[in-house]
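Engineer: For reference, this is final.cif, and it has mmCIF, C-alpha atoms.
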data_query
#
loop_
_atom_site.label_atom_id
_atom_site.label_comp_id
_atom_site.auth_asym_id
_atom_site.auth_seq_id
_atom_site.Cartn_x
_atom_site.Cartn_y
_atom_site.Cartn_z
CA MET L 6 95.25 6.94 155.10
CA THR L 7 93.01 5.14 157.57
CA THR L 8 94.13 5.58 161.18
CA PHE L 9 93.81 2.56 163.45
CA GLU L 10 94.05 2.28 167.18
CA THR L 11 96.57 -0.31 168.33
CA SER L 12 95.37 -3.48 166.64
CA ARG L 13 94.55 -6.63 168.53
CA THR L 14 97.02 -8.40 166.25
CA SER L 15 99.81 -6.10 167.47
CA VAL L 16 98.93 -6.83 171.08
CA GLU L 17 99.00 -10.57 170.42
CA ILE L 18 102.33 -10.31 168.58
CA ALA L 19 103.81 -8.44 171.55
CA SER L 20 102.67 -11.13 174.01
CA GLN L 21 104.75 -13.90 172.41
CA PRO L 22 107.74 -13.86 174.79
CA GLU L 23 105.33 -14.58 177.65
CA THR L 24 103.32 -17.25 175.83
CA TRP L 25 106.55 -18.92 174.71
CA GLU L 26 107.83 -19.06 178.28
CA ARG L 27 104.54 -20.52 179.48
CA ALA L 28 104.51 -23.14 176.73
CA ALA L 29 108.09 -24.15 177.48
CA ARG L 30 107.25 -24.58 181.16
CA SER L 31 104.18 -26.67 180.30
CA ALA L 32 106.02 -29.07 177.98
CA ARG L 33 106.77 -31.51 180.77
CA SER L 34 103.09 -31.79 181.67
CA HIS L 35 102.30 -32.72 178.07
CA THR L 36 104.99 -35.39 177.72
CA GLU L 37 102.52 -38.28 177.62
CA VAL L 38 100.52 -36.85 174.71
CA LEU L 39 103.42 -35.67 172.52
CA PRO L 40 105.45 -37.92 170.18
CA ARG L 41 107.87 -40.32 171.81
CA ARG L 42 111.40 -40.78 170.54
CA GLY L 43 111.43 -43.39 167.79
CA GLU L 44 107.79 -43.02 166.79
CA ARG L 45 107.00 -42.51 163.13
CA VAL L 46 104.96 -39.31 163.14
CA ALA L 47 102.84 -37.29 160.72
CA VAL L 48 102.05 -33.68 161.61
CA VAL L 49 99.07 -32.03 159.92
CA GLY L 50 97.40 -28.66 159.81
CA CYS L 51 95.89 -26.07 157.50
CA GLY L 52 97.39 -22.74 156.49
CA THR L 53 99.65 -21.39 159.21
CA SER L 54 99.36 -24.63 161.18
CA TRP L 55 100.64 -26.59 158.19
CA PHE L 56 103.72 -24.38 158.00
CA MET L 57 104.39 -24.85 161.73
CA ALA L 58 103.97 -28.59 161.15
CA HIS L 59 106.65 -28.40 158.47
CA ALA L 60 109.06 -26.62 160.83
CA TYR L 61 108.47 -29.14 163.63
CA ALA L 62 108.82 -32.14 161.33
CA GLN L 63 112.22 -30.89 160.20
CA LEU L 64 113.34 -30.17 163.77
CA ARG L 65 112.22 -33.56 165.06
CA GLU L 66 113.69 -35.71 162.31
CA SER L 67 116.97 -33.81 161.96
CA GLY L 68 117.36 -34.02 165.75
CA GLY L 69 117.25 -37.81 165.58
CA HIS L 70 113.87 -38.30 167.25
CA GLY L 71 112.30 -40.33 164.46
CA GLU L 72 110.90 -40.14 160.96
CA THR L 73 108.51 -37.20 160.75
CA ASP L 74 106.41 -35.94 157.84
CA ALA L 75 104.22 -32.84 157.51
CA PHE L 76 101.08 -32.57 155.41
CA ALA L 77 98.22 -30.24 154.75
CA ALA L 78 95.37 -32.07 156.46
CA SER L 79 93.50 -32.38 153.16
CA GLU L 80 96.52 -34.07 151.53
CA PHE L 81 97.27 -36.72 154.14
CA PRO L 82 98.34 -39.96 152.40
CA GLY L 83 95.97 -42.50 153.89
CA ALA L 84 97.97 -45.51 152.71
CA ARG L 85 101.03 -44.65 154.82
CA ALA L 86 101.51 -46.13 158.28
CA TYR L 87 102.35 -43.90 161.24
CA ASP L 88 102.61 -44.46 164.98
CA ARG L 89 101.05 -41.08 165.72
CA ILE L 90 99.36 -38.18 163.96
CA VAL L 91 99.75 -34.73 165.50
CA ALA L 92 97.16 -32.16 164.40
CA LEU L 93 97.66 -28.43 164.90
CA THR L 94 94.40 -26.46 164.95
CA ARG L 95 93.94 -23.15 166.73
CA SER L 96 90.16 -23.16 166.45
CA GLY L 97 89.55 -26.87 166.94
CA THR L 98 86.85 -26.65 164.27
CA THR L 99 88.72 -26.83 160.94
CA THR L 100 86.85 -29.25 158.70
CA GLU L 101 89.82 -30.98 157.05
CA VAL L 102 91.52 -31.65 160.40
CA LEU L 103 88.37 -33.02 162.02
CA ASP L 104 87.61 -35.20 159.00
CA LEU L 105 91.09 -36.72 159.13
CA LEU L 106 90.99 -37.36 162.88
CA THR L 107 87.59 -39.00 162.54
CA LYS L 108 88.73 -41.17 159.65
CA VAL L 109 91.80 -42.57 161.44
CA LYS L 110 90.28 -42.88 164.92
CA GLY L 111 91.00 -46.27 166.42
CA SER L 112 93.70 -47.13 163.87
CA VAL L 113 96.50 -44.77 164.91
CA ALA L 114 97.18 -42.65 168.00
CA THR L 115 96.26 -39.00 167.51
CA THR L 116 97.22 -35.84 169.39
CA ALA L 117 95.77 -32.39 168.78
CA ILE L 118 97.23 -29.07 169.86
CA THR L 119 94.55 -26.40 170.06
CA ALA L 120 93.67 -23.09 171.69
CA ASP L 121 89.99 -23.75 172.44
CA PRO L 122 88.92 -26.54 174.81
CA ASP L 123 85.25 -26.17 173.89
CA THR L 124 85.45 -27.44 170.32
CA PRO L 125 84.96 -30.76 168.49
CA VAL L 126 88.67 -31.55 168.35
CA MET L 127 88.56 -32.41 172.06
CA THR L 128 86.73 -35.65 171.25
CA ALA L 129 87.98 -36.14 167.71
CA ALA L 130 91.57 -36.66 168.91
CA ASP L 131 92.75 -39.30 171.38
CA HIS L 132 94.84 -36.77 173.29
CA VAL L 133 94.79 -32.97 173.37
CA ALA L 134 97.21 -30.28 174.51
CA VAL L 135 95.31 -27.04 175.12
CA LEU L 136 97.19 -23.75 174.83
CA ASP L 137 94.25 -21.51 175.72
CA PHE L 138 96.61 -18.84 177.04
CA ALA L 139 97.83 -18.38 173.45
CA ASP L 140 94.40 -18.11 171.84
CA GLU L 141 93.73 -15.06 169.68
CA GLU L 142 90.93 -12.65 168.85
CA SER L 143 92.51 -11.68 165.54
CA VAL L 144 91.70 -13.75 162.47
CA VAL L 145 95.38 -13.68 161.48
CA GLN L 146 97.37 -16.24 163.46
CA THR L 147 100.53 -15.09 165.18
CA ARG L 148 101.08 -16.14 168.78
CA PHE L 149 99.19 -19.44 168.77
CA ALA L 150 101.22 -20.76 165.86
CA THR L 151 104.60 -19.84 167.31
CA THR L 152 103.60 -20.94 170.81
CA ALA L 153 102.54 -24.37 169.54
CA LEU L 154 105.91 -24.72 167.82
CA VAL L 155 107.66 -23.66 171.04
CA LEU L 156 105.78 -26.37 172.95
CA LEU L 157 106.95 -28.98 170.47
CA ARG L 158 110.47 -27.58 170.40
CA ALA L 159 110.59 -27.59 174.20
CA HIS L 160 109.57 -31.25 174.18
CA LEU L 161 112.45 -32.07 171.83
CA GLN L 162 114.81 -30.06 174.00
CA ALA L 163 113.66 -31.91 177.13
CA GLU L 164 114.43 -35.20 175.39
CA GLY L 165 118.00 -33.99 175.07
CA THR L 166 118.51 -33.50 171.34
CA LEU L 167 118.04 -30.50 169.11
CA PRO L 168 119.58 -30.23 165.65
CA ALA L 169 122.97 -28.56 165.42
CA GLY L 170 122.70 -24.79 165.50
CA VAL L 171 119.25 -24.63 167.14
CA ARG L 172 119.40 -22.54 170.28
CA PRO L 173 117.97 -23.38 173.70
CA LEU L 174 114.52 -21.88 174.13
CA ALA L 175 115.64 -19.53 176.89
CA ARG L 176 117.77 -17.72 174.31
CA ALA L 177 114.91 -17.76 171.78
CA VAL L 178 112.67 -16.01 174.33
CA GLN L 179 115.33 -13.35 174.87
CA ASP L 180 115.54 -12.89 171.12
CA ALA L 181 111.75 -12.58 170.92
CA ARG L 182 111.89 -9.62 173.28
CA ARG L 183 114.60 -8.05 171.13
CA ALA L 184 112.54 -8.66 168.00
CA LEU L 185 109.70 -6.56 169.43
CA ASP L 186 111.99 -3.55 169.82
CA LEU L 187 114.06 -3.73 166.65
CA PRO L 188 113.38 -0.83 164.27
CA LEU L 189 111.83 -1.81 160.95
CA SER L 190 114.07 -0.70 158.12
CA PRO L 191 112.51 2.07 156.00
CA GLU L 192 113.87 0.35 152.87
CA VAL L 193 112.24 -2.95 153.82
CA SER L 194 108.99 -1.27 154.86
CA ALA L 195 108.77 0.54 151.51
CA ALA L 196 109.54 -2.51 149.35
CA GLU L 197 107.08 -3.61 146.67
CA GLN L 198 107.83 -7.36 146.82
CA PHE L 199 109.21 -9.87 149.36
CA THR L 200 110.83 -13.27 148.84
CA PHE L 201 111.23 -15.29 152.05
CA LEU L 202 113.83 -18.06 152.26
CA GLY L 203 114.77 -20.75 154.76
CA THR L 204 116.70 -23.98 155.12
CA GLY L 205 115.49 -27.10 156.94
CA TRP L 206 113.07 -26.12 159.69
CA THR L 207 113.29 -22.43 158.82
CA TYR L 208 111.73 -23.04 155.41
CA GLY L 209 108.44 -23.52 157.28
CA LEU L 210 108.99 -20.09 158.85
CA ALA L 211 109.62 -18.59 155.41
CA LEU L 212 106.33 -20.03 154.15
CA GLU L 213 104.54 -18.60 157.17
CA ALA L 214 106.11 -15.15 156.78
CA GLY L 215 104.94 -15.02 153.18
CA LEU L 216 101.43 -16.06 154.17
CA LYS L 217 101.29 -13.51 156.99
CA MET L 218 102.19 -10.65 154.64
CA ARG L 219 99.60 -11.78 152.09
CA GLU L 220 96.84 -12.24 154.67
CA ALA L 221 97.31 -9.01 156.60
CA ALA L 222 98.54 -6.62 153.93
CA GLY L 223 97.75 -8.17 150.55
CA ALA L 224 101.48 -8.00 149.83
CA TRP L 225 103.25 -9.68 146.91
CA THR L 226 105.27 -12.41 148.57
CA GLU L 227 106.91 -15.69 147.64
CA ALA L 228 108.78 -18.31 149.68
CA TYR L 229 111.38 -20.93 148.74
CA PRO L 230 114.09 -23.15 150.19
CA ALA L 231 117.20 -21.00 150.29
CA MET L 232 119.25 -23.13 147.91
CA GLU L 233 116.39 -23.17 145.37
CA TYR L 234 116.31 -19.39 145.16
CA ARG L 235 119.00 -19.22 142.50
CA HIS L 236 117.21 -21.86 140.40
CA GLY L 237 114.71 -19.39 139.00
CA PRO L 238 113.15 -17.28 141.80
CA ILE L 239 116.08 -14.83 141.78
CA SER L 240 114.69 -13.61 138.46
CA ILE L 241 112.03 -11.65 140.35
CA THR L 242 114.59 -9.83 142.50
CA GLY L 243 115.53 -6.23 141.79
CA PRO L 244 115.41 -2.69 143.18
CA ALA L 245 112.69 -2.12 145.81
CA ARG L 246 112.37 -5.89 146.30
CA VAL L 247 113.47 -7.74 149.43
CA THR L 248 115.02 -11.18 149.88
CA TRP L 249 114.47 -12.11 153.54
CA LEU L 250 116.36 -15.10 154.92
CA PHE L 251 115.51 -17.05 158.08
CA GLY L 252 118.65 -18.63 159.52
CA PRO L 253 122.21 -18.86 158.14
CA ALA L 254 122.84 -17.77 154.56
CA PRO L 255 124.20 -20.16 151.95
CA GLN L 256 127.58 -19.03 150.68
CA GLY L 257 127.35 -16.21 148.14
CA LEU L 258 123.61 -15.63 148.51
CA ALA L 259 123.85 -12.07 149.83
CA GLU L 260 126.24 -11.17 147.03
CA ASP L 261 123.90 -12.62 144.41
CA VAL L 262 120.98 -10.57 145.73
CA ALA L 263 123.11 -7.41 145.68
CA ARG L 264 124.30 -8.15 142.15
CA VAL L 265 120.74 -8.00 140.78
CA GLY L 266 119.86 -4.89 142.78
CA GLY L 267 117.76 -6.48 145.53
CA LEU L 268 117.80 -5.79 149.26
CA PHE L 269 119.07 -8.69 151.36
CA ASN L 270 117.52 -8.89 154.83
CA SER L 271 118.84 -11.42 157.32
CA ALA L 272 118.83 -11.54 161.11
CA SER L 273 121.79 -13.93 160.87
CA THR L 274 124.20 -11.61 159.05
CA ASP L 275 126.12 -11.08 162.28
CA ALA L 276 126.27 -14.56 163.81
CA SER L 277 127.30 -13.24 167.22
CA ASP L 278 124.15 -11.13 167.48
CA ALA L 279 121.75 -13.10 165.29
CA LEU L 280 118.12 -13.53 166.20
CA ASP L 281 116.70 -17.00 166.64
CA PRO L 282 114.79 -17.64 163.37
CA LEU L 283 111.50 -17.98 165.25
CA ALA L 284 112.10 -14.57 166.81
CA ASP L 285 112.86 -13.20 163.35
CA LEU L 286 109.35 -14.33 162.35
CA ILE L 287 108.06 -11.84 164.93
CA VAL L 288 109.78 -9.07 162.96
CA ALA L 289 107.98 -10.24 159.81
CA GLN L 290 104.67 -10.27 161.72
CA ARG L 291 105.25 -6.69 162.81
CA LEU L 292 106.04 -5.69 159.25
CA ALA L 293 102.80 -7.29 158.03
CA VAL L 294 100.79 -5.16 160.46
CA LEU L 295 102.72 -2.02 159.50
CA LEU L 296 102.09 -2.59 155.79
CA ALA L 297 98.44 -3.43 156.35
CA GLU L 298 97.80 -0.20 158.21
CA ALA L 299 99.81 1.83 155.66
CA ARG L 300 97.52 0.45 152.93
CA GLY L 301 94.36 1.21 154.88
CA TYR L 302 93.60 -2.40 155.85
CA ASP L 303 92.47 -3.59 159.25
CA PRO L 304 95.02 -6.24 160.30
CA ASP L 305 92.50 -7.76 162.72
CA ARG L 306 89.97 -8.37 159.94
CA PRO L 307 91.78 -9.35 156.75
CA ARG L 308 89.88 -9.48 153.50
CA ASN L 309 88.13 -12.73 152.54
CA LEU L 310 89.25 -14.61 155.68
CA THR L 311 87.56 -16.06 158.75
CA ARG L 312 89.02 -17.47 161.96
CA SER L 313 88.30 -21.05 160.91
CA VAL L 314 87.43 -22.72 157.62
CA ILE L 315 84.33 -24.86 158.14
CA LEU L 316 83.17 -26.58 154.99
CA GLY L 317 79.71 -27.87 154.21
CA HIS L 318 79.49 -31.53 153.16
CA ALA L 319 77.38 -32.75 150.28
CA THR L 320 74.64 -35.15 151.32
#
Please lay out the structure from this file as structure tokens.
Structural biologist:
Amino acid sequence: MTTFETSRTSVEIASQPETWERAARSARSHTEVLPRRGERVAVVGCGTSWFMAHAYAQLRESGGHGETDAFAASEFPGARAYDRIVALTRSGTTTEVLDLLTKVKGSVATTAITADPDTPVMTAADHVAVLDFADEESVVQTRFATTALVLLRAHLQAEGTLPAGVRPLARAVQDARRALDLPLSPEVSAAEQFTFLGTGWTYGLALEAGLKMREAAGAWTEAYPAMEYRHGPISITGPARVTWLFGPAPQGLAEDVARVGGLFNSASTDASDALDPLADLIVAQRLAVLLAEARGYDPDRPRNLTRSVILGHAT
């Protein structure tokens, strides 16, 4: 087995309680560039950023702040009318995001959330929120993605409405610190397959957990809305395979997983001591690094990936 020094990815994962606190404190200073209550908003991104866009869109709309859609930047429906487009891009150089911002410039207000202030997105978007303190050296995104979602969540919280059951961010930060210290179950760590589930905003987290495990460790993962799991995906479940739920479990789900021999993993099993779902994502990030190193992969330099996807255009 290849032995790695502490990976940069692990260091960045461990810094999330601090970057979350800083983002929450900065939300007020970004009020003018973030969506206003009642605006019709589209949130776009690529890869991890798209999944964070999905989570935010669900949080915003279900909290009563206004109609909110999430799209992969390459799939944005140009015929739809929005009051604002919010683009999530760690690098500020992703081709699909820049192309979209350039195409709509002057016709709809745009806001970008990025980690790098020295990139083309600074002029491509009308307004920019820079989270440079959450930038990353690792190719695999962890802290920037969650910190951007915390900024947006803090903005919703400051406006006075979060969906029922969503905790104040101060508690989420506490849970993030707990998530860094929780032992990783040997049964989960040794599993051969992982199915991640979520409901509402946590479905975006499930998608991201699956992506993180594939990127870092080449793991076999799938992700679904929790209530869709029994409409086919449960067929893959069995011994040495994990069903990991973000947020509260639909009635009977744990029993159904046990019935087919799978391992049910949920931070919400004990509601009195449950982790915030975003903090539970930290546990999945840690597992991805553990599996990567166990398989001899460098989690900082995943196979076939680069920090940003920059496409050449045909002339």
Engineer: The PyMOL selection byres ((chain L and resi 202) around 10) - which residues does that actually catch in the file I just gave you? List them as a PyMOL selection string.
Structural biologist: chain L and resi 199-201+203-204+207-212+214-215+227-234+248-252+254+271
Engineer: So that I have them on file, write out the residues from the current selection with C-alpha atoms, as an mmCIF file, in the coordinates of the input.
Structural biologist:
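The resulting part.cif:
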data_model
loop_
_atom_site.group_PDB
_atom_site.id
_atom_site.type_symbol
_atom_site.label_atom_id
_atom_site.label_comp_id
_atom_site.auth_asym_id
_atom_site.auth_seq_id
_atom_site.Cartn_x
_atom_site.Cartn_y
_atom_site.Cartn_z
ATOM 1 C CA PHE L 199 109.210 -9.870 149.360
ATOM 2 C CA THR L 200 110.830 -13.270 148.840
ATOM 3 C CA PHE L 201 111.230 -15.290 152.050
ATOM 4 C CA GLY L 203 114.770 -20.750 154.760
ATOM 5 C CA THR L 204 116.700 -23.980 155.120
ATOM 6 C CA THR L 207 113.290 -22.430 158.820
ATOM 7 C CA TYR L 208 111.730 -23.040 155.410
ATOM 8 C CA GLY L 209 108.440 -23.520 157.280
ATOM 9 C CA LEU L 210 108.990 -20.090 158.850
ATOM 10 C CA ALA L 211 109.620 -18.590 155.410
ATOM 11 C CA LEU L 212 106.330 -20.030 154.150
ATOM 12 C CA ALA L 214 106.110 -15.150 156.780
ATOM 13 C CA GLY L 215 104.940 -15.020 153.180
ATOM 14 C CA GLU L 227 106.910 -15.690 147.640
ATOM 15 C CA ALA L 228 108.780 -18.310 149.680
ATOM 16 C CA TYR L 229 111.380 -20.930 148.740
ATOM 17 C CA PRO L 230 114.090 -23.150 150.190
ATOM 18 C CA ALA L 231 117.200 -21.000 150.290
ATOM 19 C CA MET L 232 119.250 -23.130 147.910
ATOM 20 C CA GLU L 233 116.390 -23.170 145.370
ATOM 21 C CA TYR L 234 116.310 -19.390 145.160
ATOM 22 C CA THR L 248 115.020 -11.180 149.880
ATOM 23 C CA TRP L 249 114.470 -12.110 153.540
ATOM 24 C CA LEU L 250 116.360 -15.100 154.920
ATOM 25 C CA PHE L 251 115.510 -17.050 158.080
ATOM 26 C CA GLY L 252 118.650 -18.630 159.520
ATOM 27 C CA ALA L 254 122.840 -17.770 154.560
ATOM 28 C CA SER L 271 118.840 -11.420 157.320
#
Engineer: Find the residues near region 152-163 of chain L: any atom within 6 Å, counting all atoms listed in the file, skip ones fewer than 5 places away on the same chain, and give them as a tab-separated table (two decimals) with C-alpha atoms, in the frame of the given file.
Structural biologist:
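That gives us selection.tsv:
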chain	number	residue	atom	x	y	z
L	25	TRP	CA	106.55	-18.92	174.71
L	28	ALA	CA	104.51	-23.14	176.73
L	29	ALA	CA	108.09	-24.15	177.48
L	32	ALA	CA	106.02	-29.07	177.98
Engineer: Do you know which residues are at most 7 Å from Gly266 (chain L) counting only C-alpha atoms, after dropping those on the same chain fewer than 4 positions away, and could you put them as a PyMOL selection string?
Structural biologist: chain L and resi 243-244+262
Engineer: Take the residues from that selection and put them in a file with C-alpha atoms, as a PDB file, keeping the file's coordinate frame.
Structural biologist:
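Output file selection.pdb follows:
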ATOM      1  CA  GLY L 243     115.530  -6.230 141.790  1.00  0.00           C
ATOM      2  CA  PRO L 244     115.410  -2.690 143.180  1.00  0.00           C
ATOM      3  CA  VAL L 262     120.980 -10.570 145.730  1.00  0.00           C
TER       4      VAL L 262
END
Engineer: Using all atoms listed in the file, can you tell me which of L:Ala60, L:Ala245, L:Ile18, L:Ala120 comes closest to Val265 (chain L)?
Structural biologist: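 Of L:Ala60, L:Ala245, L:Ile18, L:Ala120, the one nearest Val265 (chain L), counting all atoms listed in the file, is L:Ala245.
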Engineer: For region 112-117 of chain L, list every protein, DNA or RNA residue within 10 Å, evaluated using all atoms listed in the file, and leave out those in the same chain fewer than 6 positions away; present the list as number ranges by chain.
Structural biologist: L: 38-40, 46-50, 86-95, 97, 102, 106, 126-135
Engineer: One number please: CA of Val144 (chain L) to CA of Pro307 (chain L), in Å, one decimal.
Structural biologist: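 It comes out at 7.2 Å.
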Engineer: Figure out the distance between CA of Val171 (chain L) and CA of Ile287 (chain L), please, to one decimal in Å.
Structural biologist: 17.1 Å
Engineer: What is the CA of Ala177 (chain L)-CA of Ala284 (chain L) distance in Å, reported with one decimal?
Structural biologist: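 Value for the CA of Ala177 (chain L)-CA of Ala284 (chain L) distance: 6.5 Å.
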Engineer: Can you tell me which residues surround Arg148 (chain L) at a distance of at most 8 Å, considering all atoms listed in the file, apart from same-chain residues fewer than 2 positions away, and format the answer as a CSV table (one decimal) with C-alpha atoms, in the coordinates of the input?
Structural biologist:
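File written: around.csv
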chain,number,residue,atom,x,y,z
L,17,GLU,CA,99.0,-10.6,170.4
L,18,ILE,CA,102.3,-10.3,168.6
L,20,SER,CA,102.7,-11.1,174.0
L,21,GLN,CA,104.8,-13.9,172.4
L,24,THR,CA,103.3,-17.2,175.8
L,139,ALA,CA,97.8,-18.4,173.4
L,140,ASP,CA,94.4,-18.1,171.8
L,141,GLU,CA,93.7,-15.1,169.7
L,146,GLN,CA,97.4,-16.2,163.5
L,150,ALA,CA,101.2,-20.8,165.9
L,151,THR,CA,104.6,-19.8,167.3
L,152,THR,CA,103.6,-20.9,170.8
Engineer: Given the file shown, enumerate the residues that the PyMOL selection byres ((chain L and resi 292) around 12) captures and present them as a VMD selection string.
Structural biologist: chain L and resid 14 to 15 18 184 to 185 187 to 196 199 214 to 215 217 to 219 221 to 222 224 285 to 291 293 to 299 304
Engineer: So, with only C-alpha atoms as the atoms that count, which of L:Glu80, L:Glu260, L:Glu220, L:Glu213 lies closest to His59 (chain L)?
Structural biologist: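 That would be L:Glu213, the residue with the smallest distance to His59 (chain L).
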Engineer: Using all atoms listed in the file for the distances, tell me which of L:Thr166, L:Thr119, L:Ser79, L:Ser67 is nearest to Glu101 (chain L).
Structural biologist: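 Distance minimum relative to Glu101 (chain L) lands on L:Ser79.
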Engineer: Could you check which of L:Leu174, L:Thr242, L:Arg33, L:Ala279 is closest to Arg264 (chain L), using all atoms listed in the file?
Structural biologist: L:Thr242
Engineer: Writing N, CA, C and O atoms and nothing else, produce region 88-99 of chain L as a PDB file, in the first residue's frame.
Structural biologist:
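What ended up in part-v3.pdb:
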ATOM      1  N   ASP L  88     -34.812  36.937 -12.712  1.00  0.00           N
ATOM      2  CA  ASP L  88     -34.374  38.241 -12.215  1.00  0.00           C
ATOM      3  C   ASP L  88     -32.875  38.258 -11.939  1.00  0.00           C
ATOM      4  O   ASP L  88     -32.248  39.314 -11.984  1.00  0.00           O
ATOM      5  N   ARG L  89     -32.339  37.076 -11.627  1.00  0.00           N
ATOM      6  CA  ARG L  89     -30.913  37.000 -11.309  1.00  0.00           C
ATOM      7  C   ARG L  89     -30.401  35.586 -11.581  1.00  0.00           C
ATOM      8  O   ARG L  89     -31.094  34.595 -11.356  1.00  0.00           O
ATOM      9  N   ILE L  90     -29.170  35.518 -12.066  1.00  0.00           N
ATOM     10  CA  ILE L  90     -28.455  34.251 -12.187  1.00  0.00           C
ATOM     11  C   ILE L  90     -27.285  34.287 -11.207  1.00  0.00           C
ATOM     12  O   ILE L  90     -26.507  35.252 -11.188  1.00  0.00           O
ATOM     13  N   VAL L  91     -27.187  33.261 -10.393  1.00  0.00           N
ATOM     14  CA  VAL L  91     -26.062  33.107  -9.464  1.00  0.00           C
ATOM     15  C   VAL L  91     -25.185  31.975  -9.974  1.00  0.00           C
ATOM     16  O   VAL L  91     -25.661  30.857 -10.181  1.00  0.00           O
ATOM     17  N   ALA L  92     -23.911  32.258 -10.192  1.00  0.00           N
ATOM     18  CA  ALA L  92     -22.970  31.260 -10.697  1.00  0.00           C
ATOM     19  C   ALA L  92     -21.965  30.910  -9.612  1.00  0.00           C
ATOM     20  O   ALA L  92     -21.343  31.793  -9.021  1.00  0.00           O
ATOM     21  N   LEU L  93     -21.815  29.626  -9.346  1.00  0.00           N
ATOM     22  CA  LEU L  93     -20.815  29.135  -8.397  1.00  0.00           C
ATOM     23  C   LEU L  93     -19.631  28.595  -9.188  1.00  0.00           C
ATOM     24  O   LEU L  93     -19.790  27.710 -10.034  1.00  0.00           O
ATOM     25  N   THR L  94     -18.439  29.123  -8.948  1.00  0.00           N
ATOM     26  CA  THR L  94     -17.255  28.674  -9.670  1.00  0.00           C
ATOM     27  C   THR L  94     -16.026  28.905  -8.812  1.00  0.00           C
ATOM     28  O   THR L  94     -15.604  30.051  -8.610  1.00  0.00           O
ATOM     29  N   ARG L  95     -15.462  27.844  -8.279  1.00  0.00           N
ATOM     30  CA  ARG L  95     -14.269  27.983  -7.437  1.00  0.00           C
ATOM     31  C   ARG L  95     -13.142  28.661  -8.196  1.00  0.00           C
ATOM     32  O   ARG L  95     -12.517  29.606  -7.703  1.00  0.00           O
ATOM     33  N   SER L  96     -12.852  28.178  -9.397  1.00  0.00           N
ATOM     34  CA  SER L  96     -11.688  28.657 -10.137  1.00  0.00           C
ATOM     35  C   SER L  96     -11.904  29.995 -10.812  1.00  0.00           C
ATOM     36  O   SER L  96     -10.954  30.740 -11.060  1.00  0.00           O
ATOM     37  N   GLY L  97     -13.162  30.303 -11.150  1.00  0.00           N
ATOM     38  CA  GLY L  97     -13.440  31.519 -11.908  1.00  0.00           C
ATOM     39  C   GLY L  97     -13.059  31.423 -13.366  1.00  0.00           C
ATOM     40  O   GLY L  97     -13.072  32.427 -14.093  1.00  0.00           O
ATOM     41  N   THR L  98     -12.717  30.200 -13.821  1.00  0.00           N
ATOM     42  CA  THR L  98     -12.250  30.025 -15.201  1.00  0.00           C
ATOM     43  C   THR L  98     -13.039  28.968 -15.973  1.00  0.00           C
ATOM     44  O   THR L  98     -12.718  28.710 -17.139  1.00  0.00           O
ATOM     45  N   THR L  99     -14.034  28.351 -15.363  1.00  0.00           N
ATOM     46  CA  THR L  99     -14.758  27.254 -16.010  1.00  0.00           C
ATOM     47  C   THR L  99     -15.463  27.750 -17.272  1.00  0.00           C
ATOM     48  O   THR L  99     -16.256  28.695 -17.225  1.00  0.00           O
TER      49      THR L  99
END
